[in-house]
file my_file.pdb (PDB, C-alpha atoms, pLDDT in the B column)
ATOM      1  CA  MET S   1     -95.598 -63.083-114.951  1.00 54.00           C
ATOM      2  CA  ALA S   2     -95.595 -60.243-112.433  1.00 71.00           C
ATOM      3  CA  VAL S   3     -96.309 -62.533-109.493  1.00 84.00           C
ATOM      4  CA  GLN S   4     -93.379 -64.797-108.644  1.00 93.00           C
ATOM      5  CA  PRO S   5     -94.131 -68.505-108.088  1.00 96.00           C
ATOM      6  CA  ARG S   6     -91.889 -68.517-105.026  1.00 97.00           C
ATOM      7  CA  ASP S   7     -93.971 -65.755-103.437  1.00 97.00           C
ATOM      8  CA  VAL S   8     -97.198 -67.648-104.159  1.00 98.00           C
ATOM      9  CA  VAL S   9     -95.818 -70.810-102.560  1.00 98.00           C
ATOM     10  CA  GLU S  10     -94.650 -68.895 -99.493  1.00 98.00           C
ATOM     11  CA  GLN S  11     -98.028 -67.208 -99.230  1.00 98.00           C
ATOM     12  CA  TYR S  12     -99.792 -70.547 -99.618  1.00 98.00           C
ATOM     13  CA  VAL S  13     -97.843 -72.252 -96.840  1.00 98.00           C
ATOM     14  CA  LYS S  14     -98.339 -69.213 -94.600  1.00 98.00           C
ATOM     15  CA  LEU S  15    -102.087 -69.139 -95.223  1.00 97.00           C
ATOM     16  CA  VAL S  16    -102.486 -72.872 -94.590  1.00 97.00           C
ATOM     17  CA  ALA S  17    -101.400 -71.968 -91.053  1.00 96.00           C
ATOM     18  CA  THR S  18    -102.956 -68.584 -90.503  1.00 94.00           C
ATOM     19  CA  GLY S  19    -105.465 -67.815 -93.184  1.00 92.00           C
ATOM     20  CA  PRO S  20    -109.191 -68.175 -93.569  1.00 94.00           C
ATOM     21  CA  ILE S  21    -110.143 -70.668 -96.266  1.00 95.00           C
ATOM     22  CA  SER S  22    -111.260 -67.824 -98.511  1.00 96.00           C
ATOM     23  CA  ALA S  23    -107.720 -66.439 -98.566  1.00 97.00           C
ATOM     24  CA  ILE S  24    -106.291 -69.838 -99.484  1.00 97.00           C
ATOM     25  CA  LEU S  25    -108.866 -70.233-102.263  1.00 98.00           C
ATOM     26  CA  ASP S  26    -108.005 -66.803-103.591  1.00 98.00           C
ATOM     27  CA  LEU S  27    -104.580 -68.171-104.539  1.00 98.00           C
ATOM     28  CA  TYR S  28    -106.296 -70.629-106.893  1.00 98.00           C
ATOM     29  CA  ALA S  29    -107.700 -69.882-110.347  1.00 98.00           C
ATOM     30  CA  ALA S  30    -111.472 -70.412-110.544  1.00 98.00           C
ATOM     31  CA  ASP S  31    -111.120 -73.662-112.498  1.00 98.00           C
ATOM     32  CA  ALA S  32    -108.066 -74.964-110.675  1.00 98.00           C
ATOM     33  CA  VAL S  33    -107.595 -78.699-110.217  1.00 98.00           C
ATOM     34  CA  VAL S  34    -106.267 -80.209-107.003  1.00 98.00           C
ATOM     35  CA  GLU S  35    -105.190 -83.804-106.326  1.00 98.00           C
ATOM     36  CA  ASP S  36    -104.250 -84.110-102.635  1.00 98.00           C
ATOM     37  CA  PRO S  37    -102.831 -86.623-102.116  1.00 98.00           C
ATOM     38  CA  ILE S  38    -102.069 -88.010-105.574  1.00 98.00           C
ATOM     39  CA  GLY S  39    -104.331 -90.979-106.190  1.00 97.00           C
ATOM     40  CA  THR S  40    -107.450 -89.372-104.713  1.00 97.00           C
ATOM     41  CA  PRO S  41    -110.191 -87.916-106.940  1.00 97.00           C
ATOM     42  CA  GLU S  42    -109.442 -84.563-108.541  1.00 98.00           C
ATOM     43  CA  ARG S  43    -111.177 -81.521-107.046  1.00 98.00           C
ATOM     44  CA  ARG S  44    -111.979 -78.890-109.661  1.00 98.00           C
ATOM     45  CA  GLY S  45    -112.983 -75.339-108.788  1.00 98.00           C
ATOM     46  CA  HIS S  46    -113.102 -73.365-105.542  1.00 98.00           C
ATOM     47  CA  GLU S  47    -116.108 -75.134-104.052  1.00 97.00           C
ATOM     48  CA  ALA S  48    -114.586 -78.584-104.407  1.00 98.00           C
ATOM     49  CA  ILE S  49    -111.144 -77.404-103.342  1.00 98.00           C
ATOM     50  CA  ALA S  50    -112.574 -75.707-100.243  1.00 97.00           C
ATOM     51  CA  GLU S  51    -113.582 -79.096 -98.830  1.00 95.00           C
ATOM     52  CA  LEU S  52    -109.908 -79.967 -98.545  1.00 95.00           C
ATOM     53  CA  TYR S  53    -109.174 -77.025 -96.271  1.00 96.00           C
ATOM     54  CA  GLN S  54    -112.393 -77.088 -94.258  1.00 94.00           C
ATOM     55  CA  ALA S  55    -110.937 -79.980 -92.272  1.00 89.00           C
ATOM     56  CA  LEU S  56    -108.422 -77.476 -90.893  1.00 91.00           C
ATOM     57  CA  GLU S  57    -110.994 -74.991 -89.632  1.00 90.00           C
ATOM     58  CA  GLY S  58    -111.014 -74.542 -85.884  1.00 90.00           C
ATOM     59  CA  LEU S  59    -107.644 -76.259 -85.474  1.00 95.00           C
ATOM     60  CA  GLU S  60    -104.565 -74.528 -84.125  1.00 96.00           C
ATOM     61  CA  ARG S  61    -102.190 -74.633 -87.083  1.00 97.00           C
ATOM     62  CA  THR S  62     -98.550 -73.962 -87.777  1.00 98.00           C
ATOM     63  CA  THR S  63     -96.556 -74.551 -90.938  1.00 98.00           C
ATOM     64  CA  GLU S  64     -92.879 -74.602 -91.750  1.00 98.00           C
ATOM     65  CA  LEU S  65     -91.628 -74.243 -95.298  1.00 98.00           C
ATOM     66  CA  HIS S  66     -88.505 -76.327 -95.867  1.00 97.00           C
ATOM     67  CA  THR S  67     -87.651 -75.742 -99.504  1.00 97.00           C
ATOM     68  CA  VAL S  68     -89.130 -74.322-102.710  1.00 98.00           C
ATOM     69  CA  LYS S  69     -87.931 -75.136-106.233  1.00 98.00           C
ATOM     70  CA  VAL S  70     -89.140 -73.017-109.131  1.00 98.00           C
ATOM     71  CA  ALA S  71     -88.979 -73.945-112.828  1.00 97.00           C
ATOM     72  CA  GLY S  72     -90.726 -71.344-114.954  1.00 96.00           C
ATOM     73  CA  ASN S  73     -94.347 -71.221-113.850  1.00 97.00           C
ATOM     74  CA  HIS S  74     -94.036 -74.498-111.929  1.00 98.00           C
ATOM     75  CA  ALA S  75     -93.045 -74.869-108.293  1.00 98.00           C
ATOM     76  CA  ALA S  76     -92.429 -77.698-105.841  1.00 98.00           C
ATOM     77  CA  ALA S  77     -92.479 -77.113-102.097  1.00 98.00           C
ATOM     78  CA  SER S  78     -91.567 -79.282 -99.146  1.00 98.00           C
ATOM     79  CA  PHE S  79     -93.265 -78.177 -95.930  1.00 98.00           C
ATOM     80  CA  THR S  80     -94.712 -79.434 -92.664  1.00 98.00           C
ATOM     81  CA  LEU S  81     -98.163 -78.668 -91.282  1.00 98.00           C
ATOM     82  CA  VAL S  82     -99.005 -79.234 -87.632  1.00 98.00           C
ATOM     83  CA  ALA S  83    -102.689 -78.959 -86.676  1.00 97.00           C
ATOM     84  CA  VAL S  84    -103.910 -79.390 -83.117  1.00 97.00           C
ATOM     85  CA  GLY S  85    -107.513 -79.744 -82.009  1.00 94.00           C
ATOM     86  CA  ASN S  86    -110.259 -82.156 -80.997  1.00 89.00           C
ATOM     87  CA  GLY S  87    -107.754 -83.920 -78.758  1.00 94.00           C
ATOM     88  CA  HIS S  88    -105.309 -84.720 -81.540  1.00 95.00           C
ATOM     89  CA  ARG S  89    -102.115 -83.395 -82.972  1.00 97.00           C
ATOM     90  CA  MET S  90    -101.710 -84.036 -86.680  1.00 96.00           C
ATOM     91  CA  THR S  91     -98.395 -83.627 -88.512  1.00 98.00           C
ATOM     92  CA  LEU S  92     -98.393 -83.761 -92.304  1.00 98.00           C
ATOM     93  CA  ALA S  93     -95.192 -83.341 -94.313  1.00 98.00           C
ATOM     94  CA  PRO S  94     -95.920 -83.310 -98.067  1.00 98.00           C
ATOM     95  CA  ILE S  95     -94.239 -82.098-101.197  1.00 98.00           C
ATOM     96  CA  ASP S  96     -96.794 -80.041-103.122  1.00 98.00           C
ATOM     97  CA  VAL S  97     -96.237 -79.260-106.785  1.00 98.00           C
ATOM     98  CA  MET S  98     -98.060 -76.373-108.397  1.00 98.00           C
ATOM     99  CA  GLU S  99     -98.551 -74.887-111.834  1.00 98.00           C
ATOM    100  CA  LEU S 100     -99.369 -71.171-112.051  1.00 98.00           C
ATOM    101  CA  ASN S 101    -101.020 -69.196-114.804  1.00 97.00           C
ATOM    102  CA  ASP S 102     -99.780 -65.855-116.129  1.00 95.00           C
ATOM    103  CA  GLU S 103    -101.731 -64.029-113.417  1.00 96.00           C
ATOM    104  CA  GLY S 104     -99.883 -65.959-110.734  1.00 96.00           C
ATOM    105  CA  LYS S 105    -102.942 -68.023-109.760  1.00 98.00           C
ATOM    106  CA  ILE S 106    -102.527 -71.723-109.049  1.00 98.00           C
ATOM    107  CA  VAL S 107    -104.167 -73.734-111.853  1.00 98.00           C
ATOM    108  CA  ALA S 108    -103.049 -77.160-110.653  1.00 98.00           C
ATOM    109  CA  MET S 109    -101.791 -78.571-107.375  1.00 98.00           C
ATOM    110  CA  ARG S 110    -100.762 -82.156-106.704  1.00 98.00           C
ATOM    111  CA  ALA S 111     -99.636 -83.301-103.272  1.00 98.00           C
ATOM    112  CA  PHE S 112     -97.087 -86.075-102.785  1.00 98.00           C
ATOM    113  CA  TRP S 113     -97.552 -87.735 -99.409  1.00 98.00           C
ATOM    114  CA  GLY S 114     -98.450 -91.114 -98.039  1.00 97.00           C
ATOM    115  CA  PRO S 115     -98.987 -92.863 -94.723  1.00 95.00           C
ATOM    116  CA  ASP S 116     -95.333 -92.324 -93.775  1.00 94.00           C
ATOM    117  CA  ASP S 117     -95.814 -88.560 -93.986  1.00 97.00           C
ATOM    118  CA  LEU S 118     -98.896 -88.271 -91.752  1.00 97.00           C
ATOM    119  CA  LYS S 119     -98.791 -88.679 -88.007  1.00 97.00           C
ATOM    120  CA  VAL S 120    -101.756 -88.316 -85.662  1.00 96.00           C
ATOM    121  CA  VAL S 121    -101.208 -88.562 -81.915  1.00 97.00           C
ATOM    122  CA  PRO S 122    -103.264 -87.611 -78.849  1.00 96.00           C
ATOM    123  CA  ALA S 123    -102.684 -83.998 -77.813  1.00 86.00           C
TER     124      ALA S 123
ATOM    125  CA  MET K   1     -95.995-103.341-107.289  1.00 54.00           C
ATOM    126  CA  ALA K   2     -93.212-105.493-105.884  1.00 71.00           C
ATOM    127  CA  VAL K   3     -90.626-102.721-106.235  1.00 84.00           C
ATOM    128  CA  GLN K   4     -91.211 -99.871-103.797  1.00 93.00           C
ATOM    129  CA  PRO K   5     -91.076 -96.333-105.217  1.00 96.00           C
ATOM    130  CA  ARG K   6     -88.979 -95.220-102.251  1.00 97.00           C
ATOM    131  CA  ASP K   7     -86.342 -97.836-103.087  1.00 97.00           C
ATOM    132  CA  VAL K   8     -86.270 -96.732-106.726  1.00 98.00           C
ATOM    133  CA  VAL K   9     -85.769 -93.103-105.726  1.00 98.00           C
ATOM    134  CA  GLU K  10     -82.994 -94.019-103.301  1.00 98.00           C
ATOM    135  CA  GLN K  11     -81.352 -96.149-105.974  1.00 98.00           C
ATOM    136  CA  TYR K  12     -81.693 -93.332-108.500  1.00 98.00           C
ATOM    137  CA  VAL K  13     -80.033 -90.729-106.294  1.00 98.00           C
ATOM    138  CA  LYS K  14     -77.283 -93.189-105.393  1.00 98.00           C
ATOM    139  CA  LEU K  15     -76.610 -94.044-109.045  1.00 97.00           C
ATOM    140  CA  VAL K  16     -76.521 -90.382-110.094  1.00 97.00           C
ATOM    141  CA  ALA K  17     -73.450 -90.240-107.854  1.00 96.00           C
ATOM    142  CA  THR K  18     -71.834 -93.608-108.350  1.00 94.00           C
ATOM    143  CA  GLY K  19     -73.392 -95.391-111.288  1.00 92.00           C
ATOM    144  CA  PRO K  20     -72.559 -95.784-114.905  1.00 94.00           C
ATOM    145  CA  ILE K  21     -75.176 -94.202-117.172  1.00 95.00           C
ATOM    146  CA  SER K  22     -76.399 -97.644-118.183  1.00 96.00           C
ATOM    147  CA  ALA K  23     -77.382 -98.376-114.585  1.00 97.00           C
ATOM    148  CA  ILE K  24     -79.296 -95.093-114.322  1.00 97.00           C
ATOM    149  CA  LEU K  25     -81.083 -95.809-117.608  1.00 98.00           C
ATOM    150  CA  ASP K  26     -82.019 -99.256-116.381  1.00 98.00           C
ATOM    151  CA  LEU K  27     -84.268 -97.585-113.793  1.00 98.00           C
ATOM    152  CA  TYR K  28     -86.298 -96.076-116.653  1.00 98.00           C
ATOM    153  CA  ALA K  29     -88.903 -97.829-118.778  1.00 98.00           C
ATOM    154  CA  ALA K  30     -87.935 -98.046-122.459  1.00 98.00           C
ATOM    155  CA  ASP K  31     -90.418 -95.324-123.471  1.00 98.00           C
ATOM    156  CA  ALA K  32     -89.957 -93.124-120.397  1.00 98.00           C
ATOM    157  CA  VAL K  33     -90.314 -89.366-120.717  1.00 98.00           C
ATOM    158  CA  VAL K  34     -88.025 -86.925-118.906  1.00 98.00           C
ATOM    159  CA  GLU K  35     -88.348 -83.148-118.574  1.00 98.00           C
ATOM    160  CA  ASP K  36     -85.301 -81.825-116.699  1.00 98.00           C
ATOM    161  CA  PRO K  37     -85.729 -79.063-115.820  1.00 98.00           C
ATOM    162  CA  ILE K  38     -89.406 -78.429-116.433  1.00 98.00           C
ATOM    163  CA  GLY K  39     -89.747 -76.099-119.406  1.00 97.00           C
ATOM    164  CA  THR K  40     -87.069 -77.817-121.501  1.00 97.00           C
ATOM    165  CA  PRO K  41     -87.975 -80.207-124.341  1.00 97.00           C
ATOM    166  CA  GLU K  42     -89.119 -83.672-123.333  1.00 98.00           C
ATOM    167  CA  ARG K  43     -86.653 -86.515-123.784  1.00 98.00           C
ATOM    168  CA  ARG K  44     -88.365 -89.784-124.693  1.00 98.00           C
ATOM    169  CA  GLY K  45     -86.630 -93.149-124.499  1.00 98.00           C
ATOM    170  CA  HIS K  46     -83.250 -94.294-123.219  1.00 98.00           C
ATOM    171  CA  GLU K  47     -81.171 -92.776-126.015  1.00 97.00           C
ATOM    172  CA  ALA K  48     -82.592 -89.290-125.493  1.00 98.00           C
ATOM    173  CA  ILE K  49     -82.531 -89.580-121.705  1.00 98.00           C
ATOM    174  CA  ALA K  50     -78.901 -90.726-121.745  1.00 97.00           C
ATOM    175  CA  GLU K  51     -77.834 -87.308-123.064  1.00 95.00           C
ATOM    176  CA  LEU K  52     -78.932 -85.807-119.777  1.00 95.00           C
ATOM    177  CA  TYR K  53     -76.572 -87.947-117.746  1.00 96.00           C
ATOM    178  CA  GLN K  54     -73.647 -87.972-120.177  1.00 94.00           C
ATOM    179  CA  ALA K  55     -72.797 -84.488-118.922  1.00 89.00           C
ATOM    180  CA  LEU K  56     -71.889 -86.126-115.615  1.00 91.00           C
ATOM    181  CA  GLU K  57     -69.452 -88.641-117.049  1.00 90.00           C
ATOM    182  CA  GLY K  58     -65.887 -88.171-115.891  1.00 90.00           C
ATOM    183  CA  LEU K  59     -66.909 -85.881-113.060  1.00 95.00           C
ATOM    184  CA  GLU K  60     -66.380 -86.689-109.397  1.00 96.00           C
ATOM    185  CA  ARG K  61     -69.926 -86.894-108.077  1.00 97.00           C
ATOM    186  CA  THR K  62     -71.676 -87.093-104.720  1.00 98.00           C
ATOM    187  CA  THR K  63     -75.378 -86.926-103.936  1.00 98.00           C
ATOM    188  CA  GLU K  64     -77.362 -86.437-100.757  1.00 98.00           C
ATOM    189  CA  LEU K  65     -81.016 -87.413-100.545  1.00 98.00           C
ATOM    190  CA  HIS K  66     -82.926 -85.017 -98.297  1.00 97.00           C
ATOM    191  CA  THR K  67     -86.490 -86.290 -98.418  1.00 97.00           C
ATOM    192  CA  VAL K  68     -88.728 -88.647-100.394  1.00 98.00           C
ATOM    193  CA  LYS K  69     -92.531 -88.498-100.493  1.00 98.00           C
ATOM    194  CA  VAL K  70     -94.458 -91.403-101.959  1.00 98.00           C
ATOM    195  CA  ALA K  71     -98.093 -91.360-103.076  1.00 97.00           C
ATOM    196  CA  GLY K  72     -99.068 -94.643-104.691  1.00 96.00           C
ATOM    197  CA  ASN K  73     -96.813 -95.118-107.728  1.00 97.00           C
ATOM    198  CA  HIS K  74     -95.692 -91.478-107.651  1.00 98.00           C
ATOM    199  CA  ALA K  75     -92.712 -90.103-105.768  1.00 98.00           C
ATOM    200  CA  ALA K  76     -91.110 -86.714-105.154  1.00 98.00           C
ATOM    201  CA  ALA K  77     -87.529 -86.393-103.979  1.00 98.00           C
ATOM    202  CA  SER K  78     -85.446 -83.483-102.798  1.00 98.00           C
ATOM    203  CA  PHE K  79     -81.715 -84.068-103.184  1.00 98.00           C
ATOM    204  CA  THR K  80     -78.415 -82.350-103.868  1.00 98.00           C
ATOM    205  CA  LEU K  81     -75.857 -83.334-106.488  1.00 98.00           C
ATOM    206  CA  VAL K  82     -72.284 -82.077-106.357  1.00 98.00           C
ATOM    207  CA  ALA K  83     -70.128 -82.725-109.416  1.00 97.00           C
ATOM    208  CA  VAL K  84     -66.498 -81.691-109.639  1.00 97.00           C
ATOM    209  CA  GLY K  85     -64.337 -81.709-112.732  1.00 94.00           C
ATOM    210  CA  ASN K  86     -62.867 -79.626-115.557  1.00 89.00           C
ATOM    211  CA  GLY K  87     -61.916 -76.984-113.003  1.00 94.00           C
ATOM    212  CA  HIS K  88     -65.449 -76.436-111.727  1.00 95.00           C
ATOM    213  CA  ARG K  89     -67.614 -77.524-108.856  1.00 97.00           C
ATOM    214  CA  MET K  90     -71.337 -77.713-109.718  1.00 96.00           C
ATOM    215  CA  THR K  91     -74.039 -77.974-107.077  1.00 98.00           C
ATOM    216  CA  LEU K  92     -77.587 -78.746-108.201  1.00 98.00           C
ATOM    217  CA  ALA K  93     -80.453 -79.078-105.711  1.00 98.00           C
ATOM    218  CA  PRO K  94     -83.689 -80.104-107.453  1.00 98.00           C
ATOM    219  CA  ILE K  95     -86.951 -81.719-106.509  1.00 98.00           C
ATOM    220  CA  ASP K  96     -87.543 -84.564-108.962  1.00 98.00           C
ATOM    221  CA  VAL K  97     -90.999 -86.091-109.326  1.00 98.00           C
ATOM    222  CA  MET K  98     -91.404 -89.536-110.809  1.00 98.00           C
ATOM    223  CA  GLU K  99     -94.155 -91.855-111.904  1.00 98.00           C
ATOM    224  CA  LEU K 100     -93.482 -95.596-111.859  1.00 98.00           C
ATOM    225  CA  ASN K 101     -95.145 -98.421-113.709  1.00 97.00           C
ATOM    226  CA  ASP K 102     -96.222-101.706-112.167  1.00 95.00           C
ATOM    227  CA  GLU K 103     -92.762-103.157-112.772  1.00 96.00           C
ATOM    228  CA  GLY K 104     -91.211-100.363-110.728  1.00 96.00           C
ATOM    229  CA  LYS K 105     -89.632 -98.686-113.762  1.00 98.00           C
ATOM    230  CA  ILE K 106     -89.740 -94.906-114.053  1.00 98.00           C
ATOM    231  CA  VAL K 107     -92.121 -93.919-116.856  1.00 98.00           C
ATOM    232  CA  ALA K 108     -91.966 -90.147-116.268  1.00 98.00           C
ATOM    233  CA  MET K 109     -89.581 -87.827-114.482  1.00 98.00           C
ATOM    234  CA  ARG K 110     -89.900 -84.062-114.176  1.00 98.00           C
ATOM    235  CA  ALA K 111     -87.283 -81.961-112.400  1.00 98.00           C
ATOM    236  CA  PHE K 112     -88.153 -78.777-110.551  1.00 98.00           C
ATOM    237  CA  TRP K 113     -85.141 -76.464-110.405  1.00 98.00           C
ATOM    238  CA  GLY K 114     -84.159 -73.043-111.619  1.00 97.00           C
ATOM    239  CA  PRO K 115     -81.186 -70.708-111.586  1.00 95.00           C
ATOM    240  CA  ASP K 116     -81.430 -70.376-107.792  1.00 94.00           C
ATOM    241  CA  ASP K 117     -80.813 -74.110-107.410  1.00 97.00           C
ATOM    242  CA  LEU K 118     -77.678 -74.378-109.566  1.00 97.00           C
ATOM    243  CA  LYS K 119     -74.295 -73.087-108.482  1.00 97.00           C
ATOM    244  CA  VAL K 120     -71.074 -73.377-110.460  1.00 96.00           C
ATOM    245  CA  VAL K 121     -67.818 -72.172-108.938  1.00 97.00           C
ATOM    246  CA  PRO K 122     -64.122 -72.702-109.736  1.00 96.00           C
ATOM    247  CA  ALA K 123     -62.738 -75.807-108.024  1.00 86.00           C
TER     248      ALA K 123
END
call {"tool": "encode", "arguments": {"input": "my_file.pdb", "output": "structure tokens"}}
result
Amino acid sequence: MAVQPRDVVEQYVKLVATGPISAILDLYAADAVVEDPIGTPERRGHEAIAELYQALEGLERTTELHTVKVAGNHAAASFTLVAVGNGHRMTLAPIDVMELNDEGKIVAMRAFWGPDDLKVVPA
Amino acid sequence: MAVQPRDVVEQYVKLVATGPISAILDLYAADAVVEDPIGTPERRGHEAIAELYQALEGLERTTELHTVKVAGNHAAASFTLVAVGNGHRMTLAPIDVMELNDEGKIVAMRAFWGPDDLKVVPA
């Protein structure tokens, strides 16, 4: 594929901090499937996936990408998201795994995180 | 499940360094499926999976576990393996994702790593 998975992951983590939801969604194929975190119902398609990111709207966000591993058109990324707003500071540190199609769009994303990886404190 | 996924991952990474292959295999269910790295043919069952670890036999090995994320009976782990022997020093830094069954045995493992994550130098 022309688009490199590593670039898509880096763009994704950057946009989770700085981007409008539309820009995040644009990284996904139209019929993409997201399970975030694993064990929650699958979200299929942009409209369903958008709900996941709408919770971030209006929050002051930063992200830090720790590591990316690429195997063919699959990638795994460890990163931390900090989101501040509404009197709280949320820190989420998942490993997201993604599968890309030949156009470099994300067709599947699954997020590995649990209670140990989410902290919410007054801010 | 009684066995915690985090403990299984920690045990796995420890045994990749110090364990005999039989101890590593004992972490896997009898019909487990392994794809390491993603994109290579699936190995199903202990006999096929053993081939993966036989390459490590006779090498001086150390591992370092960087991070583990657990979501229900799924886990993702970032770690580094260093194996020295036959005049070479190999460093492999994957993210492995695992699914466990209710008995805490690994039923599926997929390893995310590519050429960027494998270094072999004279030792």
call {"tool": "closest_residue", "arguments": {"input": "my_file.pdb", "among": "S:Thr80, S:Val16, S:Asp26, S:Asn101", "to": "Leu52 of chain S", "atoms": "only C-alpha atoms"}}
result
S:Val16
call {"tool": "closest_atom_pairs", "arguments": {"input": "my_file.pdb", "of": "chain S", "to": "chain K", "cutoff": "12 Å", "atoms": "all atoms listed in the file", "output": "Markdown table"}}
result
| residue | atom | partner | partner_atom | distance |
| --- | --- | --- | --- | --- |
| S:Pro5 | CA | K:Gly114 | CA | 11.5 |
| S:Arg6 | CA | K:Asp116 | CA | 11.0 |
| S:Glu35 | CA | K:Ala71 | CA | 10.9 |
| S:Asp36 | CA | K:Ala71 | CA | 9.5 |
| S:Pro37 | CA | K:Ala71 | CA | 6.8 |
| S:Ile38 | CA | K:Ala71 | CA | 5.8 |
| S:Gly39 | CA | K:Gly72 | CA | 6.6 |
| S:Thr40 | CA | K:Ala71 | CA | 9.7 |
| S:His66 | CA | K:Ser78 | CA | 10.4 |
| S:Thr67 | CA | K:Ser78 | CA | 8.7 |
| S:Val68 | CA | K:Ile95 | CA | 8.6 |
| S:Lys69 | CA | K:Trp113 | CA | 5.2 |
| S:Val70 | CA | K:Trp113 | CA | 5.4 |
| S:Ala71 | CA | K:Gly114 | CA | 5.1 |
| S:Gly72 | CA | K:Gly39 | CA | 6.6 |
| S:Asn73 | CA | K:Gly39 | CA | 8.7 |
| S:His74 | CA | K:Phe112 | CA | 7.4 |
| S:Ala75 | CA | K:Phe112 | CA | 6.7 |
| S:Ala76 | CA | K:Phe112 | CA | 6.5 |
| S:Ala77 | CA | K:Ile95 | CA | 8.4 |
| S:Ser78 | CA | K:Ser78 | CA | 8.3 |
| S:Phe79 | CA | K:Thr67 | CA | 10.9 |
| S:Leu92 | CA | K:Lys69 | CA | 11.1 |
| S:Ala93 | CA | K:Lys69 | CA | 8.5 |
| S:Pro94 | CA | K:Lys69 | CA | 6.7 |
| S:Ile95 | CA | K:Lys69 | CA | 6.7 |
| S:Asp96 | CA | K:Ala76 | CA | 9.0 |
| S:Val97 | CA | K:Phe112 | CA | 8.9 |
| S:Met98 | CA | K:Phe112 | CA | 10.4 |
| S:Glu99 | CA | K:Ile38 | CA | 10.8 |
| S:Arg110 | CA | K:Ala71 | CA | 10.2 |
| S:Ala111 | CA | K:Ala71 | CA | 8.2 |
| S:Phe112 | CA | K:Ala71 | CA | 5.4 |
| S:Trp113 | CA | K:Ala71 | CA | 5.2 |
| S:Gly114 | CA | K:Ala71 | CA | 5.1 |
| S:Pro115 | CA | K:Ala71 | CA | 8.5 |
| S:Asp116 | CA | K:Lys69 | CA | 8.2 |
| S:Asp117 | CA | K:Lys69 | CA | 7.3 |
| S:Leu118 | CA | K:Lys69 | CA | 10.8 |
call {"tool": "resolve_selection", "arguments": {"input": "my_file.pdb", "expression": "the PyMOL selection byres ((chain S and resi 106) around 12)", "output": "PyMOL selection string"}}
result
chain S and resi 3-9+11-12+24-34+44-46+49+73-75+96-105+107-110
call {"tool": "write_last_selection", "arguments": {"input": "my_file.pdb", "atoms": "C-alpha atoms", "output": "mmCIF file, in the coordinates of the input"}}
result
data_model
loop_
_atom_site.group_PDB
_atom_site.id
_atom_site.type_symbol
_atom_site.label_atom_id
_atom_site.label_comp_id
_atom_site.auth_asym_id
_atom_site.auth_seq_id
_atom_site.Cartn_x
_atom_site.Cartn_y
_atom_site.Cartn_z
ATOM 1 C CA VAL S 3 -96.309 -62.533 -109.493
ATOM 2 C CA GLN S 4 -93.379 -64.797 -108.644
ATOM 3 C CA PRO S 5 -94.131 -68.505 -108.088
ATOM 4 C CA ARG S 6 -91.889 -68.517 -105.026
ATOM 5 C CA ASP S 7 -93.971 -65.755 -103.437
ATOM 6 C CA VAL S 8 -97.198 -67.648 -104.159
ATOM 7 C CA VAL S 9 -95.818 -70.810 -102.560
ATOM 8 C CA GLN S 11 -98.028 -67.208 -99.230
ATOM 9 C CA TYR S 12 -99.792 -70.547 -99.618
ATOM 10 C CA ILE S 24 -106.291 -69.838 -99.484
ATOM 11 C CA LEU S 25 -108.866 -70.233 -102.263
ATOM 12 C CA ASP S 26 -108.005 -66.803 -103.591
ATOM 13 C CA LEU S 27 -104.580 -68.171 -104.539
ATOM 14 C CA TYR S 28 -106.296 -70.629 -106.893
ATOM 15 C CA ALA S 29 -107.700 -69.882 -110.347
ATOM 16 C CA ALA S 30 -111.472 -70.412 -110.544
ATOM 17 C CA ASP S 31 -111.120 -73.662 -112.498
ATOM 18 C CA ALA S 32 -108.066 -74.964 -110.675
ATOM 19 C CA VAL S 33 -107.595 -78.699 -110.217
ATOM 20 C CA VAL S 34 -106.267 -80.209 -107.003
ATOM 21 C CA ARG S 44 -111.979 -78.890 -109.661
ATOM 22 C CA GLY S 45 -112.983 -75.339 -108.788
ATOM 23 C CA HIS S 46 -113.102 -73.365 -105.542
ATOM 24 C CA ILE S 49 -111.144 -77.404 -103.342
ATOM 25 C CA ASN S 73 -94.347 -71.221 -113.850
ATOM 26 C CA HIS S 74 -94.036 -74.498 -111.929
ATOM 27 C CA ALA S 75 -93.045 -74.869 -108.293
ATOM 28 C CA ASP S 96 -96.794 -80.041 -103.122
ATOM 29 C CA VAL S 97 -96.237 -79.260 -106.785
ATOM 30 C CA MET S 98 -98.060 -76.373 -108.397
ATOM 31 C CA GLU S 99 -98.551 -74.887 -111.834
ATOM 32 C CA LEU S 100 -99.369 -71.171 -112.051
ATOM 33 C CA ASN S 101 -101.020 -69.196 -114.804
ATOM 34 C CA ASP S 102 -99.780 -65.855 -116.129
ATOM 35 C CA GLU S 103 -101.731 -64.029 -113.417
ATOM 36 C CA GLY S 104 -99.883 -65.959 -110.734
ATOM 37 C CA LYS S 105 -102.942 -68.023 -109.760
ATOM 38 C CA VAL S 107 -104.167 -73.734 -111.853
ATOM 39 C CA ALA S 108 -103.049 -77.160 -110.653
ATOM 40 C CA MET S 109 -101.791 -78.571 -107.375
ATOM 41 C CA ARG S 110 -100.762 -82.156 -106.704
#
call {"tool": "closest_residue", "arguments": {"input": "my_file.pdb", "among": "K:Lys119, K:Thr91, K:Glu42, K:Val84", "to": "Gly58 of chain K", "atoms": "all atoms listed in the file"}}
result
K:Val84
call {"tool": "resolve_selection", "arguments": {"input": "my_file.pdb", "expression": "the PyMOL selection byres ((chain K and resi 88) around 9)", "output": "VMD selection string"}}
result
chain K and resid 83 to 87 89 to 90 120 to 123
call {"tool": "atom_distance", "arguments": {"input": "my_file.pdb", "atom1": "atom CA of Thr18 of chain K", "atom2": "atom CA of Thr62 of chain K"}}
result
7.5 Å
call {"tool": "atom_distance", "arguments": {"input": "my_file.pdb", "atom1": "atom CA of Glu57 of chain K", "atom2": "atom CA of Leu81 of chain K"}}
result
13.4 Å
call {"tool": "atom_distance", "arguments": {"input": "my_file.pdb", "atom1": "atom CA of Ala17 of chain S", "atom2": "atom CA of Glu60 of chain S"}}
result
8.0 Å
